[in-house]
Structures are given as C-alpha cells and as structure tokens.
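Student: My file is data_1.cif. It has mmCIF, C-alpha atoms:
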```
data_target
#
loop_
_atom_site.label_atom_id
_atom_site.label_comp_id
_atom_site.auth_asym_id
_atom_site.auth_seq_id
_atom_site.Cartn_x
_atom_site.Cartn_y
_atom_site.Cartn_z
CA MET A 265 -11.29 106.93 209.56
CA TYR A 266 -12.24 103.44 208.35
CA ASN A 267 -9.60 102.54 205.82
CA GLN A 268 -7.42 100.24 207.87
CA ASN A 269 -7.49 97.71 205.03
CA VAL A 270 -5.60 100.00 202.64
CA PRO A 271 -2.10 98.65 201.83
CA SER A 272 0.65 100.69 203.46
CA HIS A 273 2.34 101.67 200.17
CA LEU A 274 -0.75 103.58 199.00
CA PRO A 275 -1.39 107.25 199.84
CA ASP A 276 -3.34 108.22 202.95
CA LYS A 277 -5.61 110.23 200.65
CA LEU A 278 -6.32 109.78 196.94
CA THR A 279 -6.78 113.01 194.99
CA ILE A 280 -8.27 111.71 191.76
CA THR A 281 -8.42 113.05 188.22
CA LEU A 282 -10.75 111.13 185.91
CA TRP A 283 -9.02 110.22 182.64
CA ASP A 284 -11.66 107.57 181.75
CA PHE A 285 -11.25 106.21 178.20
CA CYS A 286 -10.03 109.51 176.74
CA TRP A 287 -6.43 108.71 177.68
CA TYR A 288 -6.42 106.38 174.66
CA THR A 289 -9.11 107.90 172.42
CA MET A 290 -7.57 111.40 172.45
CA THR A 291 -3.94 110.71 171.54
CA MET A 292 -3.60 112.38 168.15
CA PRO A 293 -1.19 115.35 167.83
CA GLY A 294 -2.60 118.32 169.70
CA GLU A 295 -5.08 116.25 171.69
CA PRO A 296 -4.95 116.20 175.53
CA PHE A 297 -3.24 112.81 175.84
CA ASP A 298 -0.77 112.93 172.95
CA ASP A 299 2.00 112.99 175.58
CA LEU A 300 1.35 111.00 178.76
CA ASP A 301 4.50 112.34 180.40
CA ARG A 302 3.16 115.88 180.05
CA ALA A 303 -0.32 114.86 181.22
CA PHE A 304 1.08 113.34 184.41
CA ALA A 305 3.31 116.35 185.03
CA GLU A 306 0.26 118.62 184.73
CA ALA A 307 -1.69 116.40 187.12
CA VAL A 308 1.06 116.53 189.74
CA GLU A 309 1.35 120.30 189.29
CA ARG A 310 -2.33 120.56 190.19
CA GLY A 311 -1.92 118.39 193.26
CA TYR A 312 -3.28 115.03 192.09
CA ASN A 313 -1.73 111.72 193.07
CA THR A 314 -4.18 109.34 191.35
CA ILE A 315 -5.78 108.88 187.96
CA ARG A 316 -8.83 106.75 187.20
CA ILE A 317 -8.95 105.08 183.80
CA CYS A 318 -10.65 102.57 181.61
CA ALA A 319 -7.76 100.10 181.51
CA MET A 320 -9.32 98.42 178.43
CA PRO A 321 -8.74 94.89 179.82
CA MET A 322 -10.99 93.28 177.21
CA PHE A 323 -9.39 95.28 174.42
CA ILE A 324 -6.01 93.89 175.48
CA PHE A 325 -6.93 90.31 176.42
CA LYS A 326 -9.24 87.85 174.75
CA ASN A 327 -9.85 84.51 176.45
CA SER A 328 -6.70 84.94 178.57
CA LYS A 329 -4.57 85.66 175.51
CA LEU A 330 -3.19 88.90 174.14
CA ARG A 331 -4.97 90.30 171.11
CA ASP A 332 -2.92 90.62 167.97
CA GLY A 333 -2.16 93.90 166.25
CA LYS A 334 -3.03 97.50 166.97
CA LEU A 335 -6.34 99.03 167.90
CA LYS A 336 -7.60 101.61 165.41
CA PHE A 337 -9.70 104.43 166.86
CA SER A 338 -12.29 106.68 165.29
CA ASN A 339 -14.66 109.49 166.18
CA LEU A 340 -18.43 109.09 166.04
CA GLY A 341 -18.65 110.38 162.50
CA GLU A 342 -18.59 113.68 160.64
CA GLY A 343 -20.19 116.42 162.71
CA LEU A 344 -21.20 114.04 165.50
CA GLY A 345 -20.05 114.38 169.08
CA HIS A 346 -17.80 117.34 168.28
CA ARG A 347 -19.22 119.38 171.17
CA THR A 348 -20.28 116.45 173.36
CA ARG A 349 -18.15 116.02 176.44
CA TRP A 350 -15.98 112.86 176.39
CA PHE A 351 -17.01 112.10 172.82
CA ASN A 352 -15.27 114.98 171.04
CA CYS A 353 -12.19 113.04 169.97
CA GLN A 354 -10.39 113.59 166.68
CA GLY A 355 -10.08 109.94 165.70
CA GLY A 356 -7.45 108.25 163.59
CA ALA A 357 -5.10 106.92 166.26
CA GLU A 358 -3.54 103.46 166.04
CA LEU A 359 -2.26 102.04 169.32
CA ASN A 360 -0.73 98.89 170.66
CA ALA A 361 -3.04 98.82 173.66
CA LEU A 362 -0.75 96.88 175.99
CA GLU A 363 2.26 99.06 175.20
CA HIS A 364 0.14 102.15 175.77
CA LEU A 365 -0.97 100.84 179.17
CA GLU A 366 2.60 99.95 180.12
CA ASN A 367 3.73 103.44 179.16
CA LEU A 368 1.01 104.95 181.32
CA PHE A 369 2.21 102.92 184.31
CA LYS A 370 5.82 103.86 183.67
CA MET A 371 4.80 107.51 183.67
CA ALA A 372 2.85 106.90 186.89
CA GLN A 373 6.03 105.54 188.46
CA LYS A 374 8.06 108.46 187.16
CA HIS A 375 5.64 111.01 188.63
CA ASN A 376 4.81 109.02 191.79
CA CYS A 377 1.14 108.68 190.91
CA PHE A 378 -1.30 105.82 191.34
CA VAL A 379 -3.90 104.33 189.03
CA ILE A 380 -7.48 103.15 189.59
CA LEU A 381 -8.16 100.47 186.99
CA SER A 382 -11.67 100.24 185.60
CA SER A 383 -13.46 99.26 182.41
CA TRP A 384 -15.96 101.05 180.18
CA GLU A 385 -16.13 98.17 177.69
CA TYR A 386 -19.80 97.35 178.24
CA GLN A 387 -20.57 101.06 177.95
CA GLN A 388 -18.96 103.71 175.76
CA SER A 389 -15.47 102.60 174.83
CA PRO A 390 -16.17 100.16 171.93
CA ALA A 391 -17.91 103.01 170.06
CA PHE A 392 -14.53 104.68 169.51
CA LEU A 393 -13.05 101.73 167.63
CA GLU A 394 -12.89 102.05 163.87
CA THR A 395 -14.90 98.88 163.30
CA ASN A 396 -17.44 96.95 165.34
CA GLU A 397 -15.72 93.54 165.50
CA ILE A 398 -14.76 93.79 169.16
CA TYR A 399 -18.17 95.22 170.06
CA LYS A 400 -19.88 92.26 168.39
CA GLU A 401 -17.52 89.91 170.17
CA LEU A 402 -18.28 91.45 173.58
CA MET A 403 -22.01 91.29 172.93
CA SER A 404 -21.76 87.66 171.82
CA ILE A 405 -20.70 86.74 175.36
CA GLN A 406 -23.84 85.63 177.18
CA PRO A 407 -24.95 88.23 179.75
CA GLU A 408 -24.39 85.93 182.71
CA GLU A 409 -20.83 85.20 181.50
CA ARG A 410 -19.78 88.85 181.02
CA PHE A 411 -18.92 89.30 184.70
CA HIS A 412 -16.59 86.30 184.60
CA ALA A 413 -15.04 87.50 181.34
CA LEU A 414 -14.41 90.96 182.78
CA ALA A 415 -12.86 89.56 185.94
CA ASN A 416 -10.69 87.20 183.90
CA SER A 417 -9.39 89.98 181.66
CA MET A 418 -8.63 92.19 184.68
CA ILE A 419 -6.81 89.26 186.29
CA GLN A 420 -4.64 88.89 183.18
CA LEU A 421 -3.97 92.63 183.09
CA VAL A 422 -2.87 92.79 186.74
CA THR A 423 -0.77 89.65 186.30
CA HIS A 424 1.02 91.31 183.40
CA LEU A 425 1.63 94.51 185.35
CA LYS A 426 3.11 92.48 188.20
CA HIS A 427 5.39 90.67 185.76
CA LYS A 428 6.59 94.03 184.45
CA GLY A 429 7.19 95.43 187.95
CA LEU A 430 4.47 98.07 187.54
CA ALA A 431 1.72 96.82 189.83
CA ASP A 432 2.86 98.93 192.79
CA ARG A 433 1.11 101.83 191.02
CA ILE A 434 -2.34 100.19 191.28
CA ALA A 435 -4.50 101.97 193.84
CA TYR A 436 -7.28 99.44 193.27
CA ALA A 437 -9.27 97.85 190.46
CA GLU A 438 -12.96 97.95 189.55
CA LEU A 439 -14.75 95.23 187.65
CA HIS A 440 -16.54 97.88 185.58
CA ASN A 441 -17.65 101.50 185.65
CA GLU A 442 -21.23 102.42 186.64
CA VAL A 443 -22.56 98.89 186.43
CA GLU A 444 -26.18 100.05 186.54
CA TYR A 445 -25.78 101.70 183.13
CA GLY A 446 -24.75 99.58 180.18
CA LYS A 447 -24.83 96.11 178.79
CA LEU A 448 -24.14 94.27 182.05
CA THR A 449 -27.76 94.85 183.03
CA GLU A 450 -28.86 92.51 180.24
CA VAL A 451 -28.33 89.66 182.67
CA LEU A 452 -31.54 90.76 184.38
CA ARG A 453 -33.61 89.65 181.41
CA ASN A 454 -32.15 86.19 181.78
CA GLU A 455 -32.94 86.31 185.48
CA ASN A 456 -36.64 87.05 184.87
CA PHE A 457 -36.57 90.58 186.18
CA GLY A 458 -38.61 91.99 183.34
CA ASP A 459 -38.12 93.26 179.82
CA GLN A 460 -38.08 96.99 180.46
CA GLU A 461 -35.37 99.20 178.99
CA LEU A 462 -32.87 98.22 181.65
CA THR A 463 -30.17 100.80 181.08
CA ASN A 464 -32.56 103.62 181.92
CA GLN A 465 -34.78 101.97 184.55
CA ILE A 466 -32.67 101.66 187.69
CA ASN A 467 -34.55 100.16 190.61
CA GLU A 468 -34.15 97.69 193.45
CA GLN A 469 -34.30 94.76 191.06
CA THR A 470 -31.26 96.09 189.21
CA TYR A 471 -29.11 95.66 192.29
CA LYS A 472 -30.79 92.50 193.53
CA GLY A 473 -30.47 90.71 190.20
CA MET A 474 -26.80 91.57 189.65
CA ARG A 475 -25.42 91.14 193.16
CA SER A 476 -24.43 87.45 193.01
CA PHE A 477 -22.69 87.97 189.65
CA PHE A 478 -20.62 90.81 191.11
CA GLU A 479 -19.73 88.89 194.23
CA ASN A 480 -18.65 85.86 192.20
CA ALA A 481 -16.48 88.06 189.98
CA ILE A 482 -14.82 89.65 193.01
CA THR A 483 -14.13 86.19 194.49
CA GLN A 484 -12.69 85.08 191.15
CA PHE A 485 -10.29 88.04 191.06
CA LYS A 486 -9.26 87.83 194.71
CA GLU A 487 -8.33 84.17 194.45
CA LEU A 488 -5.44 85.12 192.17
CA HIS A 489 -4.70 88.66 193.37
CA PRO A 490 -5.51 88.83 197.08
CA ASP A 491 -3.05 91.72 197.49
CA ILE A 492 -4.92 94.05 195.09
CA LEU A 493 -8.00 95.89 196.28
CA PHE A 494 -10.95 95.03 194.05
CA THR A 495 -14.41 96.55 193.86
CA ILE A 496 -17.46 97.42 191.78
CA GLY A 497 -17.99 100.87 190.25
CA TYR A 498 -21.49 101.79 191.42
CA SER A 499 -23.20 104.92 190.16
CA LEU A 500 -25.99 105.07 192.75
CA ALA A 501 -27.37 108.14 191.01
CA ARG A 502 -30.50 108.33 193.14
CA PRO A 503 -29.98 105.73 195.88
CA LYS A 504 -32.91 104.45 197.88
CA VAL A 505 -32.57 102.73 201.23
CA SER A 506 -33.66 99.39 199.76
CA TYR A 507 -30.77 99.39 197.28
CA TRP A 508 -28.22 98.95 200.04
CA ASN A 509 -29.50 95.45 200.77
CA TYR A 510 -28.10 94.34 197.43
CA ILE A 511 -24.70 96.03 197.11
CA ALA A 512 -21.91 93.45 196.73
CA GLU A 513 -20.76 92.59 200.25
CA ASN A 514 -17.24 91.40 199.41
CA MET A 515 -15.94 94.64 197.87
CA ASP A 516 -12.60 95.95 199.14
CA VAL A 517 -13.44 99.61 198.44
CA ALA A 518 -16.78 101.41 198.83
CA HIS A 519 -16.49 103.10 195.43
CA PHE A 520 -19.49 105.27 194.63
CA HIS A 521 -20.33 108.20 192.37
CA LEU A 522 -22.03 111.29 193.69
CA TYR A 523 -23.78 113.43 191.15
CA ASN A 524 -26.33 115.91 192.35
CA ASP A 525 -28.07 117.17 189.26
CA GLY A 526 -30.99 119.03 190.85
CA VAL A 527 -30.94 122.13 188.68
CA LEU A 528 -29.45 120.22 185.75
CA LYS A 529 -32.19 117.60 185.97
CA ALA A 530 -34.75 120.38 185.90
CA LEU A 531 -33.21 121.61 182.65
CA TYR A 532 -33.11 118.08 181.24
CA ASP A 533 -36.77 117.58 182.11
CA GLU A 534 -37.68 120.65 180.06
CA VAL A 535 -35.27 120.25 177.14
CA PHE A 536 -35.81 116.52 176.56
CA GLN A 537 -39.56 116.45 177.08
CA GLU A 538 -41.26 114.63 174.21
CA PRO A 539 -41.82 115.31 171.44
CA PHE A 540 -38.20 116.33 170.89
CA PRO A 541 -37.11 118.91 169.93
CA ASN A 542 -39.71 120.81 171.91
CA GLN A 543 -39.96 124.59 172.19
CA THR A 544 -37.43 124.82 175.06
CA ALA A 545 -34.92 122.72 173.17
CA ARG A 546 -35.31 124.77 170.00
CA SER A 547 -34.89 128.01 171.94
CA MET A 548 -31.45 126.86 173.09
CA LEU A 549 -30.04 125.83 169.73
CA ARG A 550 -27.33 127.64 167.80
CA GLU A 551 -28.50 129.47 164.72
CA ASP A 552 -26.62 127.06 162.48
CA ALA A 553 -28.01 123.90 164.09
CA PRO A 554 -29.13 121.30 161.52
CA PRO A 555 -32.64 119.83 161.76
CA PHE A 556 -32.78 117.02 164.30
CA GLU A 557 -34.00 114.52 161.70
CA LYS A 558 -30.75 115.03 159.76
CA TYR A 559 -28.62 114.40 162.83
CA SER A 560 -27.86 110.68 162.79
CA LEU A 561 -25.06 108.28 162.09
CA ASP A 562 -24.96 106.83 158.61
CA GLU A 563 -25.83 103.18 158.09
CA LYS A 564 -22.18 102.13 158.33
CA GLY A 565 -21.65 103.76 161.71
CA GLY A 566 -25.11 103.39 163.19
CA TRP A 567 -23.94 100.58 165.45
CA ARG A 568 -22.13 103.15 167.62
CA PHE A 569 -25.36 104.54 169.06
CA LYS A 570 -26.20 101.05 170.28
CA VAL A 571 -23.06 100.91 172.41
CA PHE A 572 -23.61 103.64 174.95
CA PRO A 573 -26.57 104.59 177.16
CA VAL A 574 -26.97 108.07 175.67
CA LYS A 575 -29.89 108.96 173.41
CA THR A 576 -29.50 110.58 170.00
CA SER A 577 -31.47 113.57 171.27
CA ASN A 578 -28.88 114.11 174.02
CA PHE A 579 -26.02 114.10 171.54
CA TYR A 580 -27.89 116.51 169.29
CA MET A 581 -28.51 118.93 172.14
CA PHE A 582 -24.93 118.73 173.46
CA ASP A 583 -23.52 119.30 169.98
CA TRP A 584 -25.82 122.09 168.88
CA CYS A 585 -26.98 124.01 171.94
CA ASP A 586 -25.77 127.55 172.49
CA PRO A 587 -23.54 127.15 175.57
CA VAL A 588 -24.35 130.65 176.83
CA LYS A 589 -28.09 129.95 176.74
CA TRP A 590 -27.55 126.58 178.46
CA ASP A 591 -25.48 128.08 181.27
CA LEU A 592 -27.79 131.08 181.65
CA TRP A 593 -30.78 128.80 182.26
CA LEU A 594 -28.88 126.96 185.00
CA TYR A 595 -27.82 130.20 186.67
CA GLU A 596 -31.32 131.65 186.50
CA HIS A 597 -32.88 128.58 188.13
CA TYR A 598 -30.14 127.49 190.54
CA SER A 599 -31.54 129.39 193.54
CA ASP A 600 -34.69 127.26 193.33
CA HIS A 601 -32.60 124.11 193.83
CA ARG A 602 -29.62 125.18 195.94
CA GLU A 603 -30.78 124.03 199.36
CA ALA A 604 -32.33 120.81 198.05
CA MET A 605 -29.09 119.96 196.24
CA ARG A 606 -27.05 120.52 199.39
CA LEU A 607 -29.41 118.40 201.45
CA ALA A 608 -29.25 115.65 198.84
CA ILE A 609 -25.43 115.69 198.85
CA SER A 610 -25.39 115.45 202.63
CA HIS A 611 -27.96 112.63 202.60
CA LYS A 612 -26.01 110.65 200.04
CA PHE A 613 -22.81 110.96 202.03
CA ASP A 614 -24.65 109.76 205.12
CA MET A 615 -25.79 106.67 203.23
CA TYR A 616 -22.44 106.01 201.56
CA SER A 617 -20.35 106.45 204.69
CA GLU A 618 -22.69 104.44 206.93
CA TRP A 619 -22.50 101.48 204.54
CA ALA A 620 -18.70 101.74 204.28
CA GLN A 621 -18.12 102.26 207.98
CA LYS A 622 -20.16 99.20 208.98
CA ARG A 623 -17.87 97.10 206.79
CA ASN A 624 -14.66 98.93 207.67
CA LEU A 625 -14.08 99.77 204.01
CA PRO A 626 -12.30 102.80 202.56
CA MET A 627 -14.78 105.08 200.79
CA VAL A 628 -13.99 106.72 197.47
CA ILE A 629 -16.05 109.16 195.40
CA GLY A 630 -14.92 108.23 191.90
CA GLU A 631 -17.07 110.73 190.00
CA GLY A 632 -19.12 113.87 190.76
CA TYR A 633 -20.62 116.41 191.28
CA VAL A 634 -22.98 118.37 188.99
CA GLY A 635 -23.65 116.08 186.03
CA TYR A 636 -23.39 115.73 182.27
CA THR A 637 -23.13 119.07 180.47
CA PRO A 638 -22.19 120.06 176.88
CA ALA A 639 -18.45 120.38 176.30
CA GLU A 640 -18.43 124.13 175.68
CA THR A 641 -20.56 125.08 178.69
CA THR A 642 -18.85 126.42 181.82
CA PHE A 643 -21.41 126.09 184.61
CA GLU A 644 -19.47 123.46 186.54
CA GLU A 645 -16.15 125.31 186.43
CA GLY A 646 -17.89 128.61 187.23
CA PRO A 647 -18.58 130.02 190.70
CA VAL A 648 -21.73 127.96 191.33
CA GLY A 649 -20.24 124.69 190.12
CA LYS A 650 -17.15 125.25 192.24
CA ASP A 651 -19.29 125.99 195.26
CA ILE A 652 -21.18 122.72 194.77
CA ALA A 653 -17.90 120.81 194.38
CA LYS A 654 -16.37 122.47 197.43
CA PHE A 655 -19.42 121.61 199.52
CA ALA A 656 -19.27 117.97 198.39
CA ILE A 657 -15.51 117.69 198.98
CA GLU A 658 -15.89 119.06 202.49
CA LYS A 659 -18.65 116.54 203.20
CA ALA A 660 -16.46 113.75 201.85
CA LEU A 661 -13.64 114.80 204.15
CA ASP A 662 -16.01 115.09 207.10
CA LYS A 663 -17.12 111.50 206.45
CA GLY A 664 -13.52 110.26 206.30
CA ALA A 665 -13.40 109.43 202.59
CA TRP A 666 -10.14 107.89 201.43
CA GLY A 667 -10.33 109.42 197.96
CA MET A 668 -12.36 111.77 195.80
CA VAL A 669 -12.44 113.70 192.55
CA LEU A 670 -12.55 117.49 192.58
CA SER A 671 -15.02 117.23 189.72
CA SER A 672 -15.49 114.71 186.96
CA ILE A 673 -14.39 117.38 184.51
CA CYS A 674 -11.16 118.30 186.31
CA ALA A 675 -9.11 116.43 183.72
CA PRO A 676 -6.94 117.25 180.69
CA HIS A 677 -9.80 116.85 178.20
CA HIS A 678 -12.05 119.47 179.86
CA HIS A 679 -11.76 123.25 180.21
CA PHE A 680 -11.74 122.97 184.02
CA TRP A 681 -8.18 121.65 183.76
CA ASN A 682 -7.03 125.18 182.97
CA ASP A 683 -8.04 126.47 186.40
CA ILE A 684 -4.79 125.39 188.02
CA GLU A 685 -5.02 127.53 191.14
CA TRP A 686 -8.43 126.20 192.23
CA GLN A 687 -7.35 122.59 191.77
CA GLN A 688 -4.17 123.17 193.74
CA LYS A 689 -6.14 124.78 196.54
CA MET A 690 -8.70 121.97 196.78
CA ASN A 691 -6.13 119.20 196.53
CA ARG A 692 -4.12 120.81 199.33
CA LYS A 693 -7.31 120.87 201.39
CA ILE A 694 -7.76 117.13 200.85
CA LEU A 695 -4.15 116.22 201.58
CA ASP A 696 -3.90 118.54 204.58
CA SER A 697 -7.05 117.00 206.07
CA ASN A 698 -5.13 113.79 206.55
CA LYS A 699 -2.63 115.59 208.79
CA LEU A 700 -5.53 116.74 210.93
CA ASP A 701 -6.89 113.19 211.09
CA LYS A 702 -3.58 112.04 212.49
#
```
Re-express the file's structure as structure tokens.
Tutor:
Amino acid sequence: MYNQNVPSHLPDKLTITLWDFCWYTMTMPGEPFDDLDRAFAEAVERGYNTIRICAMPMFIFKNSKLRDGKLKFSNLGEGLGHRTRWFNCQGGAELNALEHLENLFKMAQKHNCFVILSSWEYQQSPAFLETNEIYKELMSIQPEERFHALANSMIQLVTHLKHKGLADRIAYAELHNEVEYGKLTEVLRNENFGDQELTNQINEQTYKGMRSFFENAITQFKELHPDILFTIGYSLARPKVSYWNYIAENMDVAHFHLYNDGVLKALYDEVFQEPFPNQTARSMLREDAPPFEKYSLDEKGGWRFKVFPVKTSNFYMFDWCDPVKWDLWLYEHYSDHREAMRLAISHKFDMYSEWAQKRNLPMVIGEGYVGYTPAETTFEEGPVGKDIAKFAIEKALDKGAWGMVLSSICAPHHHFWNDIEWQQKMNRKILDSNKLDK
C-alpha cells in the first residue's frame, strides 16, 4: 500500500461510479438523475461509496463570483446523439447550478458517500447548454490562462462547500478530466509545439508542453486548500515510457484512466477508415439510417460539434449502427486480441503503480476498461466485457490501488447499472481486499 497521504476520514478503498456531467444534463422527469436521493440509494445498494462528477466549477463561478440565474440545458438537436452514450439526454432542464451541487453533497452526506470533483468544461459539457455564451466565454480565455481560471473556480467551489459544512464529502479534486483531450491542449500552439490537430495527436510534446501549467495550477489550489487532495485527470490512453518524464510531479493522487480497446480499436480502424462511410460502416447500419451527408447539426447548433473531441462520423455511427451487428463483430474478433489486451492491461498497471509508488501517492483508476461504444450495445456488460473488467480490477487490487471504477458504464445512465448482482460482487471484492491488506 502507498496511500499514507490519504486523510483519515476518507475510505480505505474508493469504489467509484462515474456520473460525469450527466448528473446535471439528465435531470428531466424519467431521466436517470431526476432524483439524486434515489440515485445515491441505488449506488449504495450496489456497493459504491464514491461518485466522480463534473462539478461544473466554471459554470458556477465566473472570475471568483457566482453566476446569475439558472443554467438552461439542451440536447444536441433533433435526432442527434439519441443513441450515443453520454450524449443521449432529453434536454430542457433549468437548474440553479450551485443549488444542484449543494443538493448532491447533501445526498452524499445522507448516504455516506464521497465525491471526486472534476471538470469537463474544456471538453463536452458546454455543448449541453442551450446557448453558446458560456462556451464563447471559456474559449475567450487565453490558452495559457485556462489552467489558472480552472484552478481559481475549483478553489471558489471548495471554499463554498467548506462554508456550507459539506466539504467532508470531497474525496479529492481534479483540475480537469482527460487533459490530453480537449481545449486545454491549445496552449501547445502558443508554446511552439506545432500546429497539428492537438486533440487527436497525443505525444510526448503534449505532456512536456502542459506540465508547468498543471504544476502551477496545483500549487495555486494547494495554497488555499492544503487539506484537500488535488490532482490532474490524465487519460494516458496509450502511455509510452517517455511520457512519464512530464507528468505533473506535485499531484496528490495518481489519477489515471485505463482503457484497453484492442478489439474495439480494431473495429474502429475498419469502420472509420476513410472515405467514410466505407463498406464496413455501411454494413453495420440500421435499415432506417439516414444518409451520412444529411446527418449534421443545423447552422444554429453547429457550434456544439466544435466543443468536444468527437468526430461527426463517430456520432453518426453510434446513433445509427445496428447494436447487434456491432457487438457480433467484437465477439467474433475478440479471440484475436484477448491475450494482447490482457498483457496491455498488466503493462499499464506496472507503469501506473511504479510511478505512484515512487512518489508515495494513492493510485486511482478513474475510468476504464473497454472503451467508447454505442449506447444500445451490450458488449461491455456482457460476459467478455465483464471478464476484461474483472481482470483489470484484480490487477488494480494487486497493485494496491486506492480506488477504481468497475467500468465507466457502471452508472445510472447506462444499461450496466441494471446488473446489480455483479456490481455488488465486485464492490465486495474491492472492499474486502482492504481487510486482507490489513
């Protein structure tokens, strides 16, 4: 174990369910988060003690001051994102963001759960707002100032939670989710690291160019909240040894994501090969799929596709693929990738845990394990997906991880949530492992 720096009031193990930004975008009647009390009760029933969320710090605070009025949320547009995981919200909600966050923390206290604070605001979350004013405001902040602005808004958020007597529910805070993907990477252009499409070209320079900005943001936060663990949400999708030279050294938590998309990547490579839609892509479409050229946001809503690092072709495929055909392809080809995927998972855990152990930091796997699949597919919650998750969880426990997800889609807004027995079993395995450690 190497989590001696964890405050004593926090759990010995974090069993995490990923609520991301959907806890505020899916709040209309009948949606998964229309009742936070119920959502927490279901999480506890399944054995979870921690949720990870986009805490929307920059939606709540602007230049250290509270924003006025309610946030109005939307979907992506008619017929768009309706079968795309995480994007299939109904739209139409109006929320006082700060009150909604306070209510979430009150429910966390009621159900004895903890919260990992993060931000998706330089990735997906602005796309769910009814208008683009906040998005334009966030993008008007110079790239090198965005890290400071994020840290400042998270400082204000934590200060407010302390004032309200709710901060004991904070497990830790992240500056931002998956910092390699999104608008934070635009700082690299200003740092003369090239003009390539940065959100999709992750390399050593990505980490090298952003490191000092992350470390300064962490220092900024810790000066005012030294009692709150603070970190960076790294994706490290395909980590190379050289990357580790440029991970922020002053993090309090070694928070990493572990996706192993071997067989899924093979499918992506075939389906999204240019020109799109190619023959493989067309063979997987539903009979009623519209032509790709007609699948686009109208002029009024076109700004939304600029917000997130997901291509229009991906949305089209997720919305209009036949889920049976998608899953069948993965099952048919999985045996070709099984051993390589397991070796890759083991190798990643070796790298993650070695880095964390050298710095005596608690290690957390905040997302995992298969990858991004259409909302109506069931590969990850099926027998193969469960086997991959189980293998990864056992490796995480073997490496002494402080916390982990069971799967990124073990959450109220995914079908996997309905498999209560499996989640209970795996969460017991995680919590019981701590007894063995002692």
Student: Enumerate, as number ranges by chain, the residues matched when the PyMOL selection byres ((chain A and resi 277) around 10) is run on the file above.
Tutor: A: 274-276, 278-280, 313-314, 628, 661, 664-668, 691, 694-698
Student: Between A:Met581, A:Leu344, A:Ala518, A:Met290, single out the one closest to Ala545 in chain A, counting all atoms listed in the file.
Tutor: A:Met581
Student: Name all residues at most 12 Å from Glu596 in chain A (count all atoms listed in the file; drop same-chain ones fewer than 6 positions away) and give them as a list in words.
Tutor: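 My list of contacting residues is Val527, Leu528, Ala530, Leu531, Val588, Lys589, Trp590, Arg602, Phe643 and Val648 of chain A.
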Student: So which residues get picked by the PyMOL selection byres ((chain A and resi 624) around 12) here, written as a ChimeraX atom specification?
Tutor: /A:265-270,513-518,617-623,625-627,664-666
Student: Near Met605 in chain A, counting only C-alpha atoms, which residues have an atom at most 8 Å away, once you skip same-chain residues fewer than 6 positions from it, shown as a compact mmCIF listing (two decimals) with C-alpha atoms, in the frame of the given file?
Tutor:
```txt
# COMPACT_ATOMS: atom_id res chain seq x y z
CA ASN A 524 -26.33 115.91 192.35
CA ASP A 525 -28.07 117.17 189.26
CA GLY A 526 -30.99 119.03 190.85
```
Student: Restricting the calculation to all atoms listed in the file, which member of A:Glu366, A:Asp432, A:Asp332, A:Glu342 is positioned closest to Leu300 in chain A?
Tutor: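 Among the listed residues, A:Glu366 lies closest to Leu300 in chain A.
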Student: Running the PyMOL selection byres ((chain A and resi 521) around 7) on this model by hand, what would come out? Give it as a PDB file with C-alpha atoms, in the coordinates of the input.
Tutor:
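The resulting file, selection07.pdb, is shown below:
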```pdb
ATOM      1  CA  TYR A 498     -21.490 101.790 191.420  1.00  0.00           C
ATOM      2  CA  SER A 499     -23.200 104.920 190.160  1.00  0.00           C
ATOM      3  CA  LEU A 500     -25.990 105.070 192.750  1.00  0.00           C
ATOM      4  CA  PHE A 520     -19.490 105.270 194.630  1.00  0.00           C
ATOM      5  CA  LEU A 522     -22.030 111.290 193.690  1.00  0.00           C
ATOM      6  CA  TYR A 523     -23.780 113.430 191.150  1.00  0.00           C
ATOM      7  CA  ILE A 629     -16.050 109.160 195.400  1.00  0.00           C
ATOM      8  CA  GLY A 630     -14.920 108.230 191.900  1.00  0.00           C
ATOM      9  CA  GLU A 631     -17.070 110.730 190.000  1.00  0.00           C
ATOM     10  CA  GLY A 632     -19.120 113.870 190.760  1.00  0.00           C
TER      11      GLY A 632
END
```
Student: Report, in Å to a single decimal, how far apart CA of Trp584 in chain A and CA of Pro296 in chain A are.
Tutor: 22.7 Å
Student: Would you mind reading off the distance between CA of Thr281 in chain A and CA of Pro390 in chain A, one decimal, in Å?
Tutor: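 Pair CA of Thr281 in chain A / CA of Pro390 in chain A returns 22.2 Å.
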Student: Just the residues within 8 Å of Arg347 in chain A, please, counting all atoms listed in the file, with nothing from its chain fewer than 5 positions along; format it as a list in words.
Tutor: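 Close residues of Arg347 in chain A: Asn352, Phe582, Asp583, Trp584, Pro638, Ala639 and Glu640 of chain A.
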Student: One decimal, Å: what's the distance from CA of Ile496 in chain A over to CA of His519 in chain A, could you say?
Tutor: 6.8 Å
